[in-house]
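For reference, work_4.cif is printed below; it contains mmCIF, C-alpha atoms (C1' of nucleotides).
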data_query
#
loop_
_atom_site.label_atom_id
_atom_site.label_comp_id
_atom_site.auth_asym_id
_atom_site.auth_seq_id
_atom_site.Cartn_x
_atom_site.Cartn_y
_atom_site.Cartn_z
CA MET A 1 -26.01 -19.00 -13.53
CA PRO A 2 -25.41 -15.38 -12.82
CA ASP A 3 -28.39 -13.57 -11.35
CA ALA A 4 -30.12 -11.44 -13.95
CA THR A 5 -32.67 -10.61 -11.30
CA ARG A 6 -34.44 -7.83 -13.10
CA GLY A 7 -33.96 -9.24 -16.55
CA PHE A 8 -30.36 -8.26 -17.06
CA VAL A 9 -26.96 -9.16 -15.75
CA ARG A 10 -26.02 -5.70 -14.60
CA SER A 11 -23.84 -3.93 -17.14
CA ILE A 12 -23.23 -7.01 -19.31
CA ASP A 13 -24.88 -7.64 -22.66
CA ASN A 14 -25.98 -10.99 -24.08
CA GLY A 15 -23.18 -11.04 -26.63
CA ILE A 16 -20.56 -11.16 -23.89
CA LEU A 17 -22.57 -13.62 -21.81
CA GLU A 18 -22.90 -16.03 -24.73
CA LYS A 19 -19.72 -15.61 -26.74
CA GLU A 20 -17.11 -14.58 -24.18
CA ILE A 21 -18.34 -16.40 -21.10
CA ASP A 22 -20.41 -19.05 -22.80
CA LEU A 23 -23.00 -19.30 -20.05
CA GLU A 24 -25.43 -22.16 -20.23
CA ALA A 25 -28.26 -20.35 -18.52
CA ILE A 26 -29.14 -17.33 -16.45
CA LEU A 27 -31.52 -16.73 -13.58
CA ILE A 28 -34.27 -14.14 -13.50
CA ASN A 29 -36.58 -13.31 -10.64
CA THR A 30 -40.35 -13.60 -10.66
CA TYR A 31 -40.76 -11.06 -7.90
CA HIS A 32 -38.70 -8.32 -9.51
CA LEU A 33 -40.07 -8.73 -13.03
CA PHE A 34 -43.61 -8.92 -11.67
CA LEU A 35 -43.11 -5.52 -10.04
CA ASN A 36 -41.10 -4.08 -12.89
CA PRO A 37 -41.77 -3.78 -15.75
CA GLY A 38 -44.86 -5.88 -14.84
CA MET A 39 -46.38 -8.88 -16.52
CA GLU A 40 -48.41 -6.90 -19.04
CA ILE A 41 -45.24 -5.65 -20.65
CA ILE A 42 -43.51 -9.03 -20.54
CA LYS A 43 -46.53 -10.70 -22.11
CA LYS A 44 -46.75 -8.02 -24.79
CA ALA A 45 -43.07 -8.60 -25.55
CA GLY A 46 -43.82 -12.29 -26.03
CA GLY A 47 -42.22 -13.57 -22.83
CA ALA A 48 -38.96 -13.08 -21.01
CA HIS A 49 -36.80 -14.73 -23.67
CA LYS A 50 -38.00 -12.35 -26.35
CA PHE A 51 -38.08 -9.34 -24.07
CA MET A 52 -34.46 -9.93 -23.09
CA ASN A 53 -33.44 -11.42 -26.44
CA TRP A 54 -31.90 -14.34 -24.57
CA SER A 55 -32.22 -17.59 -26.44
CA ARG A 56 -30.46 -19.94 -24.06
CA PRO A 57 -32.18 -21.48 -21.04
CA LEU A 58 -33.76 -19.23 -18.46
CA LEU A 59 -34.52 -20.17 -14.88
CA SER A 60 -36.86 -18.07 -12.81
CA ASP A 61 -36.71 -17.93 -9.07
CA SER A 62 -40.09 -17.76 -7.37
CA GLY A 63 -39.43 -14.57 -5.44
CA GLY A 64 -40.08 -16.24 -2.11
CA TYR A 65 -36.60 -15.57 -0.84
CA GLN A 66 -36.75 -11.88 -1.69
CA ILE A 67 -40.19 -11.31 -0.19
CA PHE A 68 -39.43 -13.30 2.93
CA SER A 69 -36.12 -11.60 3.57
CA LEU A 70 -37.88 -8.27 3.13
CA ILE A 71 -40.50 -9.24 5.68
CA HIS A 72 -38.00 -10.78 8.09
CA LYS A 73 -36.04 -7.56 7.94
CA ASN A 74 -39.06 -5.36 8.52
CA SER A 75 -42.38 -6.93 9.41
CA ARG A 76 -44.24 -3.81 8.34
CA LEU A 77 -43.31 -4.52 4.73
CA GLY A 78 -45.46 -7.59 4.50
CA LYS A 79 -47.36 -10.46 6.03
CA ILE A 80 -47.15 -14.22 5.62
CA THR A 81 -50.35 -16.26 6.02
CA GLU A 82 -51.16 -19.86 5.24
CA ASP A 83 -52.70 -18.88 1.94
CA GLU A 84 -50.50 -16.12 0.65
CA VAL A 85 -47.78 -13.54 1.08
CA ILE A 86 -48.83 -9.91 1.16
CA PHE A 87 -46.06 -7.41 0.63
CA LYS A 88 -45.43 -3.80 -0.18
CA SER A 89 -43.23 -2.83 -3.05
CA PRO A 90 -40.05 -1.34 -1.59
CA THR A 91 -39.92 1.22 -4.35
CA ASP A 92 -43.42 2.68 -4.44
CA GLY A 93 -45.17 1.08 -1.47
CA THR A 94 -47.96 -0.48 -3.52
CA LYS A 95 -49.49 -3.62 -2.03
CA HIS A 96 -49.14 -6.98 -3.79
CA ILE A 97 -50.24 -10.50 -3.08
CA LEU A 98 -48.37 -13.61 -4.11
CA THR A 99 -49.80 -17.10 -3.77
CA PRO A 100 -48.17 -20.38 -4.75
CA GLU A 101 -50.57 -20.57 -7.70
CA LYS A 102 -49.85 -17.03 -8.81
CA ALA A 103 -46.08 -17.56 -8.59
CA ILE A 104 -46.44 -20.48 -11.00
CA GLN A 105 -48.77 -18.60 -13.34
CA ILE A 106 -46.33 -15.72 -13.54
CA GLN A 107 -43.47 -18.06 -14.32
CA PHE A 108 -45.50 -19.58 -17.15
CA ASP A 109 -46.17 -16.08 -18.42
CA LEU A 110 -42.46 -15.39 -18.25
CA GLY A 111 -42.02 -18.42 -20.48
CA VAL A 112 -38.97 -19.73 -18.68
CA ASP A 113 -37.38 -23.15 -19.11
CA MET A 114 -37.08 -23.85 -15.40
CA MET A 115 -39.25 -22.61 -12.58
CA VAL A 116 -39.18 -22.76 -8.81
CA CYS A 117 -41.99 -23.30 -6.31
CA LEU A 118 -42.87 -20.56 -3.87
CA ASP A 119 -41.33 -21.58 -0.56
CA ASP A 120 -40.83 -20.29 2.97
CA PRO A 121 -37.13 -19.63 3.54
CA SER A 122 -36.82 -18.79 7.21
CA PRO A 123 -33.51 -17.60 8.63
CA ASN A 124 -31.21 -20.38 9.86
CA ASP A 125 -31.03 -18.98 13.36
CA TYR A 126 -34.77 -19.32 13.93
CA PRO A 127 -35.76 -21.83 16.63
CA LYS A 128 -36.38 -25.33 15.38
CA GLU A 129 -40.10 -25.02 15.96
CA LYS A 130 -40.34 -22.09 13.58
CA ILE A 131 -38.17 -23.78 11.00
CA ALA A 132 -40.45 -26.82 11.22
CA GLN A 133 -43.42 -24.56 10.50
CA ALA A 134 -41.60 -23.15 7.49
CA VAL A 135 -40.95 -26.69 6.29
CA SER A 136 -44.57 -27.73 6.50
CA ARG A 137 -45.72 -24.56 4.79
CA THR A 138 -43.12 -25.11 2.09
CA ILE A 139 -44.48 -28.62 1.54
CA ARG A 140 -48.11 -27.47 1.40
CA TRP A 141 -47.20 -24.69 -0.98
CA ALA A 142 -45.16 -27.08 -3.12
CA ASN A 143 -48.29 -29.18 -3.44
CA ARG A 144 -50.31 -26.21 -4.59
CA CYS A 145 -47.53 -25.18 -6.98
CA LYS A 146 -47.42 -28.63 -8.55
CA LYS A 147 -51.20 -28.68 -8.98
CA GLU A 148 -51.15 -25.26 -10.58
CA TYR A 149 -48.26 -26.35 -12.75
CA GLU A 150 -50.21 -29.31 -14.09
CA LYS A 151 -53.24 -27.14 -14.64
CA GLN A 152 -51.23 -24.60 -16.63
CA ILE A 153 -49.67 -27.35 -18.74
CA LYS A 154 -53.18 -28.46 -19.70
CA VAL A 155 -54.65 -24.99 -20.20
CA ARG A 156 -51.72 -23.85 -22.27
CA LYS A 157 -51.57 -27.14 -24.15
CA ILE A 158 -47.86 -27.58 -23.56
CA SER A 159 -46.41 -30.90 -24.69
CA GLU A 160 -44.36 -33.11 -22.39
CA LYS A 161 -41.35 -32.38 -24.56
CA ASN A 162 -41.69 -28.62 -24.30
CA ARG A 163 -42.78 -28.26 -20.72
CA PRO A 164 -40.64 -26.20 -18.41
CA LEU A 165 -38.89 -28.03 -15.58
CA ILE A 166 -40.13 -27.36 -12.08
CA PHE A 167 -38.11 -27.35 -8.88
CA GLY A 168 -39.21 -27.87 -5.30
CA VAL A 169 -37.20 -26.18 -2.59
CA ILE A 170 -35.97 -28.05 0.46
CA GLN A 171 -36.16 -26.16 3.75
CA GLY A 172 -35.23 -27.21 7.26
CA GLY A 173 -32.43 -24.85 8.25
CA GLN A 174 -29.57 -26.62 9.97
CA TYR A 175 -31.71 -29.58 11.07
CA LEU A 176 -31.00 -32.78 9.21
CA ASP A 177 -34.25 -34.46 10.23
CA LEU A 178 -36.26 -31.50 8.93
CA ARG A 179 -34.28 -31.41 5.68
CA LYS A 180 -34.86 -35.13 5.25
CA HIS A 181 -38.55 -34.90 5.97
CA CYS A 182 -38.93 -31.94 3.61
CA THR A 183 -37.09 -33.73 0.82
CA GLN A 184 -39.15 -36.90 1.20
CA GLU A 185 -42.41 -35.00 1.08
CA LEU A 186 -41.32 -33.01 -1.97
CA VAL A 187 -40.23 -36.19 -3.72
CA LYS A 188 -43.68 -37.64 -3.09
CA ILE A 189 -45.16 -34.67 -4.90
CA GLY A 190 -42.61 -35.14 -7.64
CA PHE A 191 -40.39 -32.51 -9.21
CA ASP A 192 -37.78 -32.39 -11.94
CA GLY A 193 -35.27 -30.94 -9.56
CA TYR A 194 -34.79 -29.98 -5.96
CA GLY A 195 -33.22 -26.89 -4.54
CA PHE A 196 -31.33 -26.41 -1.32
CA GLY A 197 -33.33 -23.59 0.24
CA ALA A 198 -32.65 -20.80 2.71
CA ARG A 199 -28.94 -20.29 3.21
CA HIS A 200 -26.19 -22.88 3.08
CA ILE A 201 -24.12 -20.91 5.58
CA ASP A 202 -24.90 -20.38 9.23
CA SER A 203 -25.33 -17.04 10.93
CA LYS A 204 -21.56 -16.82 11.40
CA GLY A 205 -20.93 -17.33 7.71
CA ASN A 206 -19.66 -20.91 8.06
CA PHE A 207 -20.53 -23.41 5.36
CA MET A 208 -23.07 -25.91 6.74
CA GLU A 209 -21.17 -28.87 5.43
CA GLU A 210 -23.09 -31.77 6.90
CA VAL A 211 -26.57 -30.49 6.09
CA VAL A 212 -25.65 -29.54 2.55
CA ARG A 213 -23.98 -32.91 1.94
CA GLU A 214 -26.65 -35.08 3.51
CA THR A 215 -29.52 -33.20 1.93
CA ALA A 216 -28.07 -33.96 -1.49
CA SER A 217 -28.04 -37.64 -0.64
CA PHE A 218 -31.78 -37.58 0.13
CA ILE A 219 -32.58 -36.53 -3.45
CA PRO A 220 -33.31 -39.19 -6.10
CA LYS A 221 -30.34 -39.85 -8.37
CA ASN A 222 -31.94 -38.78 -11.64
CA ALA A 223 -33.22 -35.42 -10.35
CA LEU A 224 -31.49 -32.08 -10.78
CA ARG A 225 -29.91 -30.59 -7.68
CA PHE A 226 -29.94 -26.84 -7.48
CA ALA A 227 -27.93 -25.18 -4.70
CA LEU A 228 -29.67 -21.83 -4.58
CA GLY A 229 -27.46 -18.87 -3.88
CA VAL A 230 -24.21 -20.82 -3.73
CA GLY A 231 -21.70 -19.27 -3.37
CA THR A 232 -18.03 -18.69 -2.98
CA PRO A 233 -15.79 -20.76 -5.26
CA GLU A 234 -14.86 -23.13 -2.45
CA ASP A 235 -18.53 -23.53 -1.47
CA ILE A 236 -19.32 -24.45 -5.07
CA VAL A 237 -16.52 -27.00 -5.19
CA LYS A 238 -17.78 -28.56 -1.99
CA CYS A 239 -21.42 -28.57 -3.13
CA PHE A 240 -20.42 -30.07 -6.43
CA SER A 241 -18.57 -32.85 -4.71
CA TYR A 242 -21.75 -33.64 -2.76
CA GLY A 243 -23.76 -33.89 -5.95
CA TRP A 244 -25.27 -30.44 -6.37
CA ASP A 245 -24.97 -29.52 -10.03
CA MET A 246 -26.75 -26.19 -10.49
CA PHE A 247 -25.75 -22.90 -8.92
CA ASP A 248 -26.67 -19.26 -8.99
CA CYS A 249 -25.05 -16.45 -7.10
CA VAL A 250 -24.65 -12.69 -7.01
CA ILE A 251 -21.07 -12.93 -5.83
CA PRO A 252 -19.21 -12.83 -9.17
CA THR A 253 -21.13 -9.85 -10.48
CA ARG A 254 -21.77 -7.89 -7.30
CA GLU A 255 -18.30 -8.28 -5.87
CA GLY A 256 -16.88 -7.51 -9.28
CA ARG A 257 -18.83 -4.27 -9.34
CA HIS A 258 -17.49 -3.52 -5.89
CA GLY A 259 -13.89 -4.12 -6.91
CA ARG A 260 -13.16 -7.68 -5.76
CA LEU A 261 -11.58 -9.89 -8.41
CA PHE A 262 -11.21 -13.68 -8.30
CA LEU A 263 -7.80 -14.78 -9.55
CA ARG A 264 -6.51 -18.20 -10.50
CA LYS A 265 -3.37 -19.17 -8.63
CA GLU A 266 -2.10 -21.45 -11.34
CA LYS A 267 -3.11 -22.18 -14.87
CA ASN A 268 -4.59 -25.62 -14.26
CA VAL A 269 -5.28 -25.37 -10.61
CA ILE A 270 -9.02 -25.33 -10.98
CA ALA A 271 -8.95 -28.54 -12.94
CA SER A 272 -6.76 -30.25 -10.37
CA GLU A 273 -9.03 -29.07 -7.60
CA ALA A 274 -11.91 -30.51 -9.56
CA LYS A 275 -10.23 -33.90 -9.80
CA GLN A 276 -9.66 -33.78 -6.10
CA SER A 277 -13.32 -33.01 -5.56
CA ARG A 278 -14.39 -36.01 -7.61
CA ASN A 279 -12.36 -38.32 -5.43
CA ILE A 280 -13.82 -36.66 -2.43
CA SER A 281 -17.35 -37.25 -3.63
CA THR A 282 -16.78 -40.99 -3.78
CA ASN A 283 -15.53 -41.44 -0.27
CA SER A 284 -14.31 -38.90 2.19
CA PHE A 285 -14.42 -35.15 1.88
CA ALA A 286 -12.13 -34.37 4.75
CA ASN A 287 -9.37 -33.74 2.25
CA ILE A 288 -10.40 -30.23 1.50
CA GLN A 289 -8.24 -28.60 4.08
CA ASP A 290 -7.36 -25.37 2.44
CA ASP A 291 -10.64 -24.10 1.05
CA LYS A 292 -9.15 -21.39 -1.05
CA SER A 293 -6.15 -23.33 -2.29
CA PHE A 294 -6.98 -22.75 -5.93
CA TYR A 295 -7.69 -19.05 -6.06
CA GLU A 296 -7.17 -15.71 -4.38
CA THR A 297 -9.05 -12.46 -4.35
CA ILE A 298 -7.83 -8.92 -4.66
CA ASN A 299 -9.56 -5.63 -3.98
CA ILE A 300 -8.62 -3.53 -6.95
CA ASN A 301 -9.55 -0.40 -4.99
CA ASN A 302 -6.48 -0.86 -2.78
CA GLY A 303 -3.90 1.83 -3.23
CA LYS A 304 -1.11 -0.65 -3.92
CA TYR A 305 -2.52 -1.26 -7.40
CA LYS A 306 -2.12 2.37 -8.39
CA ASP A 307 1.09 1.63 -10.27
CA ASP A 308 0.85 -2.12 -10.71
CA PHE A 309 1.10 -2.64 -14.44
CA SER A 310 0.78 -6.40 -14.34
CA ARG A 311 -2.11 -8.37 -15.81
CA VAL A 312 -5.09 -8.72 -13.52
CA ASP A 313 -5.07 -12.51 -13.79
CA GLU A 314 -2.02 -14.13 -15.35
CA HIS A 315 -3.99 -17.20 -16.35
CA CYS A 316 -7.13 -15.60 -17.72
CA ASP A 317 -7.89 -14.57 -21.27
CA CYS A 318 -11.04 -12.51 -20.72
CA VAL A 319 -11.36 -9.03 -22.24
CA LEU A 320 -10.12 -7.46 -19.03
CA CYS A 321 -7.06 -9.63 -18.58
CA LYS A 322 -6.13 -9.68 -22.26
CA ASN A 323 -6.22 -5.92 -22.63
CA HIS A 324 -5.68 -4.10 -19.35
CA THR A 325 -3.41 -3.79 -16.33
CA LYS A 326 -4.28 -3.69 -12.64
CA ALA A 327 -3.23 -0.04 -12.58
CA TYR A 328 -5.69 0.81 -15.32
CA LEU A 329 -8.52 -1.10 -13.63
CA HIS A 330 -7.67 0.66 -10.36
CA HIS A 331 -7.90 3.95 -12.18
CA LEU A 332 -11.29 3.02 -13.61
CA PHE A 333 -12.60 2.30 -10.10
CA ALA A 334 -11.02 5.43 -8.65
CA SER A 335 -12.75 7.36 -11.42
CA LYS A 336 -16.02 5.58 -10.69
CA GLU A 337 -16.16 4.62 -14.31
CA MET A 338 -18.72 1.91 -14.94
CA LEU A 339 -16.37 0.27 -17.42
CA GLY A 340 -14.34 -0.92 -14.42
CA MET A 341 -17.35 -2.61 -12.84
CA ARG A 342 -18.35 -4.10 -16.14
CA LEU A 343 -14.91 -5.54 -16.88
CA SER A 344 -14.57 -6.91 -13.35
CA ALA A 345 -17.98 -8.55 -13.47
CA ILE A 346 -17.09 -10.12 -16.82
CA HIS A 347 -13.81 -11.41 -15.43
CA ASN A 348 -15.43 -12.90 -12.32
CA LEU A 349 -18.15 -14.55 -14.38
CA LYS A 350 -15.48 -16.05 -16.61
CA PHE A 351 -13.69 -17.33 -13.51
CA TYR A 352 -16.89 -18.94 -12.23
CA ALA A 353 -17.80 -20.33 -15.64
CA ASP A 354 -14.33 -21.87 -15.99
CA LEU A 355 -14.58 -23.31 -12.49
CA LEU A 356 -17.90 -24.96 -13.31
CA GLY A 357 -16.58 -26.16 -16.64
CA ALA A 358 -13.61 -27.76 -14.95
CA LEU A 359 -15.83 -29.40 -12.37
CA ARG A 360 -18.06 -30.82 -15.11
CA ASN A 361 -15.13 -32.11 -17.13
CA SER A 362 -13.79 -33.91 -14.12
CA VAL A 363 -16.92 -36.06 -13.96
CA ASN A 364 -17.52 -36.65 -17.66
"C1'" G B 1 -0.82 55.84 -2.92
"C1'" G B 2 -5.82 54.84 -0.22
"C1'" G B 3 -9.70 51.22 1.15
"C1'" U B 4 -12.43 46.34 1.81
"C1'" C B 5 -12.49 41.11 2.45
"C1'" C B 6 -10.14 36.45 3.23
"C1'" G B 7 -6.20 32.81 5.07
"C1'" U B 8 -8.96 26.12 9.60
"C1'" A B 9 -6.80 18.12 7.34
"C1'" G B 10 -5.18 16.87 -0.02
"C1'" U B 11 -9.55 20.14 -1.69
"C1'" G B 12 -13.99 22.98 -0.39
"C1'" U B 13 -15.86 24.41 4.37
"C1'" A B 14 -18.53 24.95 9.94
"C1'" G B 15 -17.21 27.21 14.17
"C1'" C B 16 -15.60 33.93 14.72
"C1'" G B 17 -21.66 37.53 21.24
"C1'" G B 18 -14.14 33.19 24.41
"C1'" U B 19 -18.44 26.93 27.35
"C1'" U B 20 -15.86 21.06 22.43
"C1'" U B 21 -11.74 14.97 21.77
"C1'" A B 22 -12.17 21.78 16.11
"C1'" U B 23 -17.66 20.50 12.16
"C1'" C B 24 -19.30 18.61 7.49
"C1'" A B 25 -18.52 17.04 2.40
"C1'" C B 26 -15.34 15.13 -1.18
"C1'" G B 27 -10.71 12.75 -1.56
"C1'" U B 28 -7.21 9.00 0.73
"C1'" C B 29 -6.70 4.11 3.31
"C1'" U B 30 -8.87 -0.77 4.90
"C1'" C B 31 -12.73 -4.28 5.40
"C1'" C B 32 -17.69 -6.43 4.02
"C1'" C B 33 -21.03 -8.36 0.20
"C1'" U B 34 -23.74 -15.94 -0.79
"C1'" G B 35 -32.08 -17.96 -4.50
"C1'" U B 36 -29.16 -8.86 -6.03
"C1'" C B 37 -34.04 -2.61 -4.12
"C1'" A B 38 -27.24 -2.39 -3.97
"C1'" C B 39 -21.55 2.36 -8.71
"C1'" G B 40 -23.97 -0.32 -1.97
"C1'" G B 41 -22.55 -0.92 3.40
"C1'" A B 42 -18.99 -0.48 7.73
"C1'" G B 43 -14.73 1.58 9.74
"C1'" A B 44 -9.83 4.23 9.97
"C1'" A B 45 -6.14 7.84 9.21
"C1'" G B 46 -5.47 13.00 8.34
"C1'" A B 47 -5.46 20.03 10.67
"C1'" U B 48 -1.89 22.00 17.35
"C1'" C B 49 -6.97 26.62 12.93
"C1'" G B 50 -0.88 31.46 7.78
"C1'" C B 51 3.26 33.39 11.03
"C1'" C B 52 4.99 36.42 15.54
"C1'" G B 53 3.63 38.82 19.82
"C1'" G B 54 -0.24 40.69 23.36
"C1'" U B 55 -4.85 40.49 26.58
"C1'" U B 56 -6.92 36.40 29.79
"C1'" C B 57 -7.53 31.12 34.30
"C1'" G B 58 -8.38 29.98 29.16
"C1'" A B 59 -8.04 32.15 22.11
"C1'" A B 60 -9.19 29.10 15.78
"C1'" U B 61 -12.31 32.76 18.05
"C1'" C B 62 -10.42 39.48 20.93
"C1'" C B 63 -6.07 43.24 20.01
"C1'" G B 64 -1.36 44.66 17.43
"C1'" G B 65 2.13 43.46 13.87
"C1'" U B 66 3.75 40.51 9.76
"C1'" C B 67 3.47 37.41 5.34
"C1'" G B 68 0.29 35.59 1.42
"C1'" G B 69 -4.17 35.93 -1.72
"C1'" A B 70 -8.71 38.39 -3.81
"C1'" C B 71 -11.28 42.73 -4.95
"C1'" C B 72 -12.47 48.16 -5.08
"C1'" C B 73 -11.06 53.53 -5.55
"C1'" G B 74 -7.21 56.67 -7.41
#

Can the structure from this file be put into structure tokens for me?
Amino acid sequence: MPDATRGFVRSIDNGILEKEIDLEAILINTYHLFLNPGMEIIKKAGGAHKFMNWSRPLLSDSGGYQIFSLIHKNSRLGKITEDEVIFKSPTDGTKHILTPEKAIQIQFDLGVDMMVCLDDPSPNDYPKEKIAQAVSRTIRWANRCKKEYEKQIKVRKISEKNRPLIFGVIQGGQYLDLRKHCTQELVKIGFDGYGFGARHIDSKGNFMEEVVRETASFIPKNALRFALGVGTPEDIVKCFSYGWDMFDCVIPTREGRHGRLFLRKEKNVIASEAKQSRNISTNSFANIQDDKSFYETININNGKYKDDFSRVDEHCDCVLCKNHTKAYLHHLFASKEMLGMRLSAIHNLKFYADLLGALRNSVN
RNA sequence: GGGUCCGUAGUGUAGCGGUUUAUCACGUCUCCCUGUCACGGAGAAGAUCGCCGGUUCGAAUCCGGUCGGACCCG
């Protein structure tokens, strides 16, 4: 899922997302849509699907991550208490309050197909004691979210068949025992799916392999496993091999807009990597030695592409690669033409979508 | 023919009552982005200040000449 945080995948229209990239779902953000355009407008429009004219599945993130990272960055921007999160809008400074109950209500108003509990994603480098506090708050809030969820189902008279799915988010930083405890408590409450919360990389940017792998194993087999915010292609391959099967990330679109393109090294290399990952998931995973063996990145801003008239990606048939050269894309970026960002984001999304497709095929 | 102004990195400029590794912007080059306030963030290279000479401990800065450009009056 690309992140359509504010109700749009920046610069890309639904036609491309559905027909060219064939995305299964996209992610929107409770926090951003709540602030802008505001729930009155969304409700008037008839919900997020109608407002955006997106008919495929929509998943909304609770907004916890955004608010918490805001507050962790600058404590003057908000306050976390047992009951609620108080925060100031970064754009106009107005004060807002979000509670677990309210986060769920908003997501019902958005009319999404999948929703996420409000959680407490503390930074991974916090001391264990603080992470443990975040875990217990996450559990208590998950309880309140589930109760509110059931209440809304009743009040809105939503049938079992039509109810949105709800995800709990597992916290615990780098500590396996905390992750395990958090998962067990969330499972007791009962959710359709479970998310890997906070960040899956440590403060140095290294993939937290053991925690990500083991946490997946704590989750019941029939539940969905959502690796929030993952990640680089190699992180996704790893997570997939551990059993995580849902992903969202800003990387393909944001890096695309900033001029970084993901390129296939060989035509079928993603598929072969996927096969490798399936084997890995059954026994050992030590085989992934060269993380980036199946792709490379280029920065199209680099001067060496000024007169490079080759295809951007030899093995890709997206609108960018079918129609334009590296030199032309370089020129678009040098000219600060938004078409360059748009085409690059489309290409990267296609790369990610193909990667996920190949991973899925390898298991089916 | 007479007069005025101006020549500082690729471009536009600051500094011209002599205290400095010569300023800033854009451009160029490289890196970063992981539940998106993000066409965003970080960093690097690049001018011996048109040229020649003079004054001085010391000149982009003062003086003379010279070349180039702009404008004004005949």

When the PyMOL selection byres ((chain A) within 7 of (chain B)) is applied to the file above, which residues end up in the set, as a PyMOL selection string?
-> chain A and resi 5+61+65+90+228-232+249-251+255+336+338

Deliver the residues from the most recent selection as a file, using C-alpha atoms, as an mmCIF file, in the frame of the given file.
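That gives us part-v1.cif:
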data_model
loop_
_atom_site.group_PDB
_atom_site.id
_atom_site.type_symbol
_atom_site.label_atom_id
_atom_site.label_comp_id
_atom_site.auth_asym_id
_atom_site.auth_seq_id
_atom_site.Cartn_x
_atom_site.Cartn_y
_atom_site.Cartn_z
ATOM 1 C CA THR A 5 -32.670 -10.610 -11.300
ATOM 2 C CA ASP A 61 -36.710 -17.930 -9.070
ATOM 3 C CA TYR A 65 -36.600 -15.570 -0.840
ATOM 4 C CA PRO A 90 -40.050 -1.340 -1.590
ATOM 5 C CA LEU A 228 -29.670 -21.830 -4.580
ATOM 6 C CA GLY A 229 -27.460 -18.870 -3.880
ATOM 7 C CA VAL A 230 -24.210 -20.820 -3.730
ATOM 8 C CA GLY A 231 -21.700 -19.270 -3.370
ATOM 9 C CA THR A 232 -18.030 -18.690 -2.980
ATOM 10 C CA CYS A 249 -25.050 -16.450 -7.100
ATOM 11 C CA VAL A 250 -24.650 -12.690 -7.010
ATOM 12 C CA ILE A 251 -21.070 -12.930 -5.830
ATOM 13 C CA GLU A 255 -18.300 -8.280 -5.870
ATOM 14 C CA LYS A 336 -16.020 5.580 -10.690
ATOM 15 C CA MET A 338 -18.720 1.910 -14.940
#

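Here the PyMOL selection byres ((chain A and resi 296-300) around 9) captures the residues His258, Gly259, Arg260, Leu261, Phe262, Leu263, Arg264, Lys265, Lys292, Ser293, Phe294, Tyr295, Asn301, Asn302, Gly303, Lys304, Tyr305, Lys306, Lys326, Ala327, Leu329, His330 and Phe333 of chain A.
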
Expanded to explicit residues, what is the PyMOL selection byres ((chain A and resi 210) around 12) for this file, as an MDAnalysis selection string?
-> chainID A and resid 173:177 179 200:202 206:209 211:217 238:239 242 285:286

Contacts of Gln184 of chain A within 12 Å, only C-alpha atoms (C1' of nucleotides), excl. fewer than 2 positions in-chain, as a count of residues only | 26

Would you kindly return, as an MDAnalysis selection string, each protein, DNA or RNA residue with an atom no farther than 6 Å from any atom of segment 107-118 of chain A, considering all atoms listed in the file and excluding same-chain residues fewer than 6 positions away?
-> chainID A and resid 47:48 57:62 64 100 142 145 164:168

Among listed residues B:G50, B:G15, B:G3, B:G27, nearest C67 of chain B (using all atoms listed in the file) = B:G50

For a cut-off of 9 Å around (-16.1, -13.7, -12.1), file coordinates, pick out all residues using all atoms listed in the file and list them as JSON, numbers by chain.
-> {"A": [251, 252, 253, 255, 256, 261, 262, 263, 344, 345, 346, 347, 348, 349, 350, 351, 352, 353]}

With C-alpha atoms retained, export the selected residues as a PDB file, keeping the file's coordinate frame.
ATOM      1  CA  ILE A 251     -21.070 -12.930  -5.830  1.00  0.00           C
ATOM      2  CA  PRO A 252     -19.210 -12.830  -9.170  1.00  0.00           C
ATOM      3  CA  THR A 253     -21.130  -9.850 -10.480  1.00  0.00           C
ATOM      4  CA  GLU A 255     -18.300  -8.280  -5.870  1.00  0.00           C
ATOM      5  CA  GLY A 256     -16.880  -7.510  -9.280  1.00  0.00           C
ATOM      6  CA  LEU A 261     -11.580  -9.890  -8.410  1.00  0.00           C
ATOM      7  CA  PHE A 262     -11.210 -13.680  -8.300  1.00  0.00           C
ATOM      8  CA  LEU A 263      -7.800 -14.780  -9.550  1.00  0.00           C
ATOM      9  CA  SER A 344     -14.570  -6.910 -13.350  1.00  0.00           C
ATOM     10  CA  ALA A 345     -17.980  -8.550 -13.470  1.00  0.00           C
ATOM     11  CA  ILE A 346     -17.090 -10.120 -16.820  1.00  0.00           C
ATOM     12  CA  HIS A 347     -13.810 -11.410 -15.430  1.00  0.00           C
ATOM     13  CA  ASN A 348     -15.430 -12.900 -12.320  1.00  0.00           C
ATOM     14  CA  LEU A 349     -18.150 -14.550 -14.380  1.00  0.00           C
ATOM     15  CA  LYS A 350     -15.480 -16.050 -16.610  1.00  0.00           C
ATOM     16  CA  PHE A 351     -13.690 -17.330 -13.510  1.00  0.00           C
ATOM     17  CA  TYR A 352     -16.890 -18.940 -12.230  1.00  0.00           C
ATOM     18  CA  ALA A 353     -17.800 -20.330 -15.640  1.00  0.00           C
TER      19      ALA A 353
END

Coordinates-based distance that separates atom CA of Arg137 of chain A from atom CA of Pro123 of chain A (Å, one decimal) |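 Distance between the two atoms: 14.6 Å.
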
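For the point (-47.0, -21.1, 7.4) in file coordinates, the residues within 7 Å, using all atoms listed in the file, are Thr81, Glu82, Gln133, Ala134 and Arg137 of chain A.
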
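With atom CA of Glu24 of chain A on one side and atom CA of Trp244 of chain A on the other, the separation reads 16.1 Å.
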
The distance between atom CA of Arg225 of chain A and atom CA of Met246 of chain A is 6.1 Å
